[in-house]
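Beneath this line is the structure, given in structure tokens, with notes to follow.
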Amino acid sequence: MMSGSNLEQTLSSGKFAVTAELGPPKGADPQVVAAKAGILKGHADAVNITDNQTAIARMCSMASAKLAMDEGLEPIMQMTCRDRNRLAMQADILGAAALGVKNLLCLTGDHQSFGNHPEAMGVFDLDSITLIQMVKQMRDDGLFQNGEELTVPPQLYIGAAANPYADPFPYRALRLAKKVDAGIDFVQTQIIYNVDKFEQFMEQCRELGIPERCKILAGVAPLKSAGMAKYMKNRVAGMDVPDAVVERMSAAEDAQSEGIDVCVEVINRVREVEGVAGVHVMAVEWEEAVPEILSRAGLRPGSAA
Amino acid sequence: MITAERKNFEEIRRMTDSAANVLVVGCNTCVAVCLTGGEKEAEQLASQLRLARGKDGIAGNVETVTVLRQCENEYLDSISELVNAADVVLSTACGIGPQGIAARYPEKRVAPAMNTNMMGYVKEHHVWTEYCVSCGFCVIGLTGGICPIARCAKTLLNGPCGGSQGGRCEISPDVPCAWQEIYDRLAALGDLDSLKRILGPKKWHVSSSGGPRTMKQEGFKP
């Protein structure tokens with residue numbers, strides 16, 4: 001065991017893992033985190049705590065992760081390279097580990113131009129891959145990025161993201177392999193609606209031997225409306241929403257229920273794909289949907305099963 | 001070359017209206033080539049200022065002169081009489097120009113007429129695109145001759161982020177994804193294996209992040 005986290009235990013014992021996502025509030029109210037944690041508790045092995053998601057300033061992921069832990073939830077703390085340099089990152093990694101965080105998701109981060117402070121300077125001192133290397137070196141070698149020794153290494157289960165729908169497509173699995181070489185233990189994918197393309201991506205991953213070295217969690221998310229489907233199709237970078245899904249959402253009488261149906265169908269397909277070790281359900285600002293999706297898909301947290 | 005664009009006229013007015021005599025100094029190298037701050041543009045700006053200041057009843061003269069390069073004292077020395085006669089010197093050079101004048105003429109007020117934007121390549125006629133941010137350690141030998149520091153919005157060293165789609169960067173459909181371009185170049189050169197190598201972390205201390213830089217050519221005396 002590298003971290004002893006629920007997520008690590010579930011995945012390393014070969015059980016199918018479930019992770020969810022919790023978006024911190026745009027304010028200092030701890031109750032918002034507690035309330036969202038209450039909805040998700042008992043339904044997932046661990047829950048991502050987003051880090052200024054889509055470059056919008058919010059409560060920080062470390063404090064939110066601590067608040068979620070206080071409610072009995074296991075956090076996967078997200079960390080992006082956009083907002084801090086290697087000094088701040090290492091400080092936060094040590095602080096998070098000291099607070100009991102056991103899973104860390106290493107991301108480059110959306111560009112600041114997407115968010116609500118587009119005039120901000122983007123840091124990007126490291127990128128996701130060199131961040132992963134740094135965390136692994138801190139954990140396994142007890143060394144800071146500069147090679148100096150640290151006293152007590154952070155025991156973290158290291159994750160990253162992968163997007164099967166970004167370009168160039170032939171390079172996507174190779175780029176994931178770079179993250180595996182850098183030191184990740186698990187990866188969560190971009191939201192899947194186009195399952196056929198995800199299957200092609202997984203085939204490439206299997207050819208590179210990635211599932212043997214890194215647990216792959218398939219990302220899914222419920223669509224809330226036809227408008228959201230169109231927005232994601234046309235406006236969100238790196239998303240692939242097939243026309244058939246947009247048409248289904250447009251034709252539905254009850255869009256929310258249809259969105260959950262689509263999500264459950266995607267889960268049922270991706271869990272059959274060889275090399276998929278779990279699902280990651282992203283329903284930020286619609287956390288209430290998660291228990292229903294998981295119960296309809298017949299999924300319970302692996303460690304609780 | 002260095003590219004710069006002229007500031008908004010109102011901003012230039014705010015920096016110069018309190019001065020009676022204004023000297024507009026053009027620069028005949030980079031900003032002349034990008035058609036924003038050479039002799040012709042400096043003269044145009046001076047006429048525009050004369051007209052507007054005259055209309056508002058501001059007394060004094062607006063003169064203009066252009067040197068080959070404002071980044072060298074050799075050229076700045078040649079305009080000392082005009083500079084000394086002015087109350088403010090308005091430079092249409094890149095950011096080096098007004099600072100060079102301030103350094104050479106410590107008693108003189110200076111104002112920039114331009115916003116300097118980049119070191120660019122002339123992609124097509126009258127279109128410049130940023131190719132170098134003078135980061136102090138060139139990596140393009142490893143990236144197919146395309147700089148990911150200058151041309152990727154996130155300065156990534158290890159391949160395209162999840163926002164690269166259809167060859168475009170996530171920040172705008174008008175911006176090409178540098179890593180798609182790197183991928184295409186290396187594929188054409190039969191060198192895709194080099195994309196498996198992990199690059200970085202980058203040593204930023206040799207960039208502007210490490211503080212102002214100086215270059216000396218040892219062994220050369222004036």
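Chain identifiers are assigned as A, B, and so on, following the order in which chains appear in the structure tokens; residues are numbered from 1 within each chain, and ligands are numbered from 1 in order of appearance.
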
For range 69-72 of chain A: contacts at 10 Å, only C-alpha atoms, fewer than 4 positions along chain excluded, given as a VMD selection string: chain A and resid 33 to 38 41 to 42 63 to 65 99 to 101

Quick check: residues of chain B within 6 Å of chain A, only C-alpha atoms, returned as a ChimeraX atom specification. /B:156,162-165,170,201

Run DSSP on the backbone and grab whatever in chain B lands in strand (DSSP E); send it over as a tab-separated table (two decimals) with N, CA and C atoms, in the first residue's frame.
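Contents of part-v7.tsv, freshly written:
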```tsv
chain	number	residue	atom	x	y	z
B	2	ILE	N	10.72	42.40	-33.22
B	2	ILE	CA	9.84	42.85	-32.14
B	2	ILE	C	8.64	43.59	-32.74
B	3	THR	N	7.45	43.28	-32.28
B	3	THR	CA	6.28	44.00	-32.77
B	3	THR	C	5.67	44.82	-31.63
B	4	ALA	N	5.13	45.96	-32.01
B	4	ALA	CA	4.47	46.84	-31.04
B	4	ALA	C	3.30	47.52	-31.73
B	5	GLU	N	2.29	47.84	-30.94
B	5	GLU	CA	1.12	48.52	-31.50
B	5	GLU	C	0.92	49.84	-30.77
B	6	ARG	N	0.40	50.83	-31.52
B	6	ARG	CA	0.26	52.14	-30.90
B	6	ARG	C	-0.83	52.13	-29.85
B	22	VAL	N	6.57	68.79	-27.21
B	22	VAL	CA	6.62	67.34	-27.29
B	22	VAL	C	7.54	66.95	-28.46
B	23	LEU	N	8.41	65.97	-28.19
B	23	LEU	CA	9.22	65.42	-29.29
B	23	LEU	C	8.80	63.97	-29.51
B	24	VAL	N	8.26	63.70	-30.70
B	24	VAL	CA	7.89	62.32	-31.04
B	24	VAL	C	9.10	61.68	-31.72
B	25	VAL	N	9.60	60.59	-31.14
B	25	VAL	CA	10.78	59.94	-31.71
B	25	VAL	C	10.39	58.59	-32.31
B	26	GLY	N	10.57	58.47	-33.62
B	26	GLY	CA	10.31	57.21	-34.30
B	26	GLY	C	11.53	56.30	-34.25
B	27	CYS	N	11.31	55.05	-34.57
B	27	CYS	CA	12.41	54.08	-34.58
B	27	CYS	C	12.32	53.32	-35.89
B	62	VAL	N	5.01	70.51	-31.34
B	62	VAL	CA	5.20	69.07	-31.43
B	62	VAL	C	6.19	68.83	-32.57
B	63	GLU	N	7.39	68.39	-32.20
B	63	GLU	CA	8.40	68.10	-33.21
B	63	GLU	C	8.51	66.59	-33.40
B	64	THR	N	9.18	66.19	-34.48
B	64	THR	CA	9.38	64.75	-34.66
B	64	THR	C	10.74	64.47	-35.29
B	65	VAL	N	11.31	63.36	-34.91
B	65	VAL	CA	12.57	62.92	-35.47
B	65	VAL	C	12.59	61.38	-35.40
B	66	THR	N	13.31	60.76	-36.31
B	66	THR	CA	13.36	59.29	-36.29
B	66	THR	C	14.81	58.83	-36.33
B	67	VAL	N	15.15	57.86	-35.50
B	67	VAL	CA	16.51	57.30	-35.52
B	67	VAL	C	16.44	55.87	-36.02
B	88	VAL	N	8.70	66.76	-23.04
B	88	VAL	CA	8.48	65.32	-22.93
B	88	VAL	C	8.87	64.66	-24.25
B	89	VAL	N	9.48	63.49	-24.15
B	89	VAL	CA	9.85	62.74	-25.35
B	89	VAL	C	8.91	61.54	-25.46
B	90	LEU	N	8.18	61.50	-26.56
B	90	LEU	CA	7.21	60.43	-26.79
B	90	LEU	C	7.81	59.46	-27.81
B	91	SER	N	8.05	58.23	-27.37
B	91	SER	CA	8.74	57.26	-28.23
B	91	SER	C	7.75	56.31	-28.89
B	109	ARG	N	11.62	63.92	-19.21
B	109	ARG	CA	10.41	63.08	-19.08
B	109	ARG	C	10.21	62.28	-20.36
B	110	VAL	N	9.88	61.02	-20.23
B	110	VAL	CA	9.61	60.21	-21.44
B	110	VAL	C	8.23	59.57	-21.31
B	111	ALA	N	7.65	59.25	-22.46
B	111	ALA	CA	6.35	58.56	-22.47
B	111	ALA	C	6.34	57.55	-23.62
B	112	PRO	N	5.75	56.38	-23.39
B	112	PRO	CA	5.67	55.39	-24.46
B	112	PRO	C	4.41	55.62	-25.29
B	114	MET	N	3.64	53.33	-27.44
B	114	MET	CA	3.34	51.98	-27.93
B	114	MET	C	3.14	50.98	-26.79
B	115	ASN	N	2.43	49.90	-27.11
B	115	ASN	CA	2.43	48.70	-26.28
B	115	ASN	C	3.22	47.65	-27.05
B	116	THR	N	4.29	47.15	-26.43
B	116	THR	CA	5.11	46.14	-27.10
B	116	THR	C	4.44	44.79	-26.92
B	117	ASN	N	4.25	44.04	-28.01
B	117	ASN	CA	3.57	42.77	-27.77
B	117	ASN	C	4.39	41.51	-27.91
B	118	MET	N	5.32	41.43	-28.80
B	118	MET	CA	5.99	40.12	-28.91
B	118	MET	C	7.22	40.16	-29.81
B	119	MET	N	7.91	38.99	-29.79
B	119	MET	CA	8.91	38.72	-30.82
B	119	MET	C	8.23	37.76	-31.78
B	120	GLY	N	8.01	38.23	-33.00
B	120	GLY	CA	7.17	37.46	-33.90
B	120	GLY	C	7.83	37.10	-35.23
B	121	TYR	N	7.21	36.13	-35.85
B	121	TYR	CA	7.59	35.67	-37.19
B	121	TYR	C	6.55	36.22	-38.16
B	122	VAL	N	7.00	36.63	-39.34
B	122	VAL	CA	6.06	37.18	-40.33
B	122	VAL	C	5.42	35.98	-41.05
B	123	LYS	N	4.28	35.59	-40.56
B	123	LYS	CA	3.63	34.38	-41.04
B	123	LYS	C	3.12	34.58	-42.47
B	124	GLU	N	2.54	35.75	-42.70
B	124	GLU	CA	2.17	36.16	-44.05
B	124	GLU	C	2.25	37.68	-44.04
B	127	VAL	N	1.06	39.93	-41.07
B	127	VAL	CA	0.59	39.10	-39.96
B	127	VAL	C	1.81	38.56	-39.22
B	128	TRP	N	1.91	38.93	-37.95
B	128	TRP	CA	3.03	38.47	-37.12
B	128	TRP	C	2.48	37.51	-36.08
B	129	THR	N	3.28	36.51	-35.76
B	129	THR	CA	2.82	35.56	-34.74
B	129	THR	C	3.98	35.25	-33.79
B	130	GLU	N	3.67	35.12	-32.52
B	130	GLU	CA	4.70	35.00	-31.50
B	130	GLU	C	5.41	33.66	-31.60
B	131	TYR	N	6.73	33.71	-31.72
B	131	TYR	CA	7.51	32.48	-31.84
B	131	TYR	C	8.54	32.32	-30.73
B	132	CYS	N	8.83	33.38	-29.99
B	132	CYS	CA	9.88	33.28	-28.95
B	132	CYS	C	9.53	34.19	-27.80
B	168	ARG	N	-6.72	22.99	-32.99
B	168	ARG	CA	-6.88	24.32	-32.39
B	168	ARG	C	-6.66	24.27	-30.89
B	169	CYS	N	-6.19	25.39	-30.34
B	169	CYS	CA	-5.97	25.52	-28.90
B	169	CYS	C	-7.30	25.77	-28.21
B	172	SER	N	-8.85	29.53	-28.08
B	172	SER	CA	-9.49	30.22	-29.20
B	172	SER	C	-9.37	29.40	-30.48
B	173	PRO	N	-10.44	29.37	-31.28
B	173	PRO	CA	-10.33	28.67	-32.57
B	173	PRO	C	-9.34	29.35	-33.51
B	174	ASP	N	-8.93	30.58	-33.19
B	174	ASP	CA	-7.96	31.29	-34.04
B	174	ASP	C	-6.52	30.91	-33.71
B	175	VAL	N	-6.33	30.19	-32.60
B	175	VAL	CA	-4.97	29.86	-32.17
B	175	VAL	C	-4.68	28.39	-32.48
B	176	PRO	N	-3.64	28.13	-33.28
B	176	PRO	CA	-3.31	26.73	-33.54
B	176	PRO	C	-2.72	26.07	-32.28
```

Pro301 in chain A: which residues within 10 Å, counting only C-alpha atoms, same-chain residues fewer than 3 positions away excluded, as a PyMOL selection string? chain A and resi 6-7+10+15-19+42-46+278+294+304-305

Could you check the closest approach to Ala188 in chain B for each of B:Gly210, B:Gly166, B:Gly144, B:Gly38 and tell me which residue wins, using only C-alpha atoms? B:Gly144

Interatomic distance, CA of Thr151 in chain A to CA of Ser5 in chain A (Å, one decimal): 21.3 Å

Give me the residues near range 50-56 of chain B as a ChimeraX atom specification, where near means some atom within 10 Å (using only C-alpha atoms) and where sequence neighbours in that chain fewer than 4 positions away do not count. /B:13,16-17,20,22,44-46,60-63

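From CA of Val31 in chain B back to CA of Ser47 in chain B, the distance works out to 18.7 Å.
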
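Straight-line separation from CA of Gln78 in chain A to CA of Cys161 in chain B: 16.3 Å.
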
Across A:Glu258, A:Lys66, A:Lys136, A:Trp286, the smallest distance to Ala98 in chain A, with only C-alpha atoms counted, is shown by A:Lys66

Where does DSSP see alpha helix (DSSP H) in range 188-249 of chain A, if you list the residues as a VMD selection string? chain A and resid 195 to 207 210 to 213 226 to 235 243 to 249

Pull N, CA and C atoms from the residues just selected and write them as a short mmCIF file (atom, residue, chain, number, x, y, z; two decimals), in the first residue's frame.
```cif
data_model
loop_
_atom_site.label_atom_id
_atom_site.label_comp_id
_atom_site.auth_asym_id
_atom_site.auth_seq_id
_atom_site.Cartn_x
_atom_site.Cartn_y
_atom_site.Cartn_z
N VAL A 195 -18.94 6.14 -26.74
CA VAL A 195 -18.33 4.92 -26.18
C VAL A 195 -17.45 4.22 -27.22
N ASP A 196 -17.86 4.28 -28.49
CA ASP A 196 -17.06 3.62 -29.54
C ASP A 196 -15.63 4.16 -29.56
N LYS A 197 -15.52 5.47 -29.48
CA LYS A 197 -14.17 6.05 -29.53
C LYS A 197 -13.39 5.70 -28.25
N PHE A 198 -14.10 5.66 -27.13
CA PHE A 198 -13.44 5.26 -25.88
C PHE A 198 -12.89 3.84 -26.00
N GLU A 199 -13.65 2.97 -26.66
CA GLU A 199 -13.18 1.58 -26.85
C GLU A 199 -11.89 1.54 -27.67
N GLN A 200 -11.84 2.40 -28.70
CA GLN A 200 -10.60 2.47 -29.51
C GLN A 200 -9.42 2.94 -28.66
N PHE A 201 -9.71 3.93 -27.81
CA PHE A 201 -8.67 4.46 -26.92
C PHE A 201 -8.18 3.36 -25.98
N MET A 202 -9.11 2.59 -25.43
CA MET A 202 -8.75 1.51 -24.50
C MET A 202 -7.93 0.43 -25.20
N GLU A 203 -8.25 0.20 -26.47
CA GLU A 203 -7.48 -0.78 -27.22
C GLU A 203 -6.01 -0.33 -27.31
N GLN A 204 -5.84 0.97 -27.60
CA GLN A 204 -4.47 1.52 -27.65
C GLN A 204 -3.79 1.41 -26.29
N CYS A 205 -4.56 1.67 -25.24
CA CYS A 205 -3.99 1.58 -23.88
C CYS A 205 -3.55 0.14 -23.59
N ARG A 206 -4.38 -0.83 -23.98
CA ARG A 206 -4.02 -2.23 -23.73
C ARG A 206 -2.76 -2.62 -24.51
N GLU A 207 -2.66 -2.11 -25.76
CA GLU A 207 -1.45 -2.40 -26.55
C GLU A 207 -0.19 -1.88 -25.88
N ILE A 210 -0.94 -0.41 -20.48
CA ILE A 210 -1.26 0.58 -19.43
C ILE A 210 -2.14 -0.01 -18.31
N PRO A 211 -3.19 -0.80 -18.62
CA PRO A 211 -4.05 -1.27 -17.51
C PRO A 211 -3.31 -2.11 -16.47
N GLU A 212 -2.19 -2.73 -16.87
CA GLU A 212 -1.42 -3.52 -15.89
C GLU A 212 -0.65 -2.62 -14.94
N ARG A 213 -0.40 -1.39 -15.37
CA ARG A 213 0.46 -0.50 -14.57
C ARG A 213 -0.32 0.63 -13.90
N ALA A 226 -31.23 19.42 -22.80
CA ALA A 226 -30.76 19.42 -24.18
C ALA A 226 -29.77 20.57 -24.39
N GLY A 227 -30.02 21.68 -23.70
CA GLY A 227 -29.13 22.84 -23.82
C GLY A 227 -27.72 22.50 -23.35
N MET A 228 -27.66 21.75 -22.24
CA MET A 228 -26.35 21.37 -21.70
C MET A 228 -25.64 20.44 -22.69
N ALA A 229 -26.40 19.54 -23.31
CA ALA A 229 -25.80 18.62 -24.28
C ALA A 229 -25.20 19.40 -25.45
N LYS A 230 -25.96 20.38 -25.93
CA LYS A 230 -25.48 21.19 -27.07
C LYS A 230 -24.27 22.03 -26.67
N TYR A 231 -24.35 22.58 -25.46
CA TYR A 231 -23.24 23.41 -24.97
C TYR A 231 -21.96 22.57 -24.90
N MET A 232 -22.10 21.37 -24.32
CA MET A 232 -20.91 20.52 -24.18
C MET A 232 -20.38 20.09 -25.54
N LYS A 233 -21.29 19.83 -26.45
CA LYS A 233 -20.88 19.40 -27.79
C LYS A 233 -20.11 20.51 -28.51
N ASN A 234 -20.66 21.72 -28.42
CA ASN A 234 -20.12 22.79 -29.27
C ASN A 234 -19.14 23.73 -28.58
N ARG A 235 -19.23 23.83 -27.27
CA ARG A 235 -18.48 24.90 -26.62
C ARG A 235 -17.40 24.43 -25.66
N ASP A 243 -24.23 13.26 -31.98
CA ASP A 243 -25.52 13.85 -32.35
C ASP A 243 -26.68 13.05 -31.77
N ALA A 244 -26.54 11.72 -31.76
CA ALA A 244 -27.63 10.87 -31.28
C ALA A 244 -27.99 11.20 -29.83
N VAL A 245 -26.96 11.54 -29.04
CA VAL A 245 -27.21 11.87 -27.62
C VAL A 245 -27.92 13.22 -27.53
N VAL A 246 -27.48 14.18 -28.34
CA VAL A 246 -28.12 15.50 -28.33
C VAL A 246 -29.59 15.36 -28.75
N GLU A 247 -29.83 14.55 -29.79
CA GLU A 247 -31.22 14.35 -30.27
C GLU A 247 -32.07 13.69 -29.19
N ARG A 248 -31.51 12.71 -28.51
CA ARG A 248 -32.26 12.05 -27.43
C ARG A 248 -32.65 13.03 -26.34
N MET A 249 -31.70 13.88 -25.97
CA MET A 249 -31.97 14.86 -24.91
C MET A 249 -33.01 15.87 -25.38
#
```
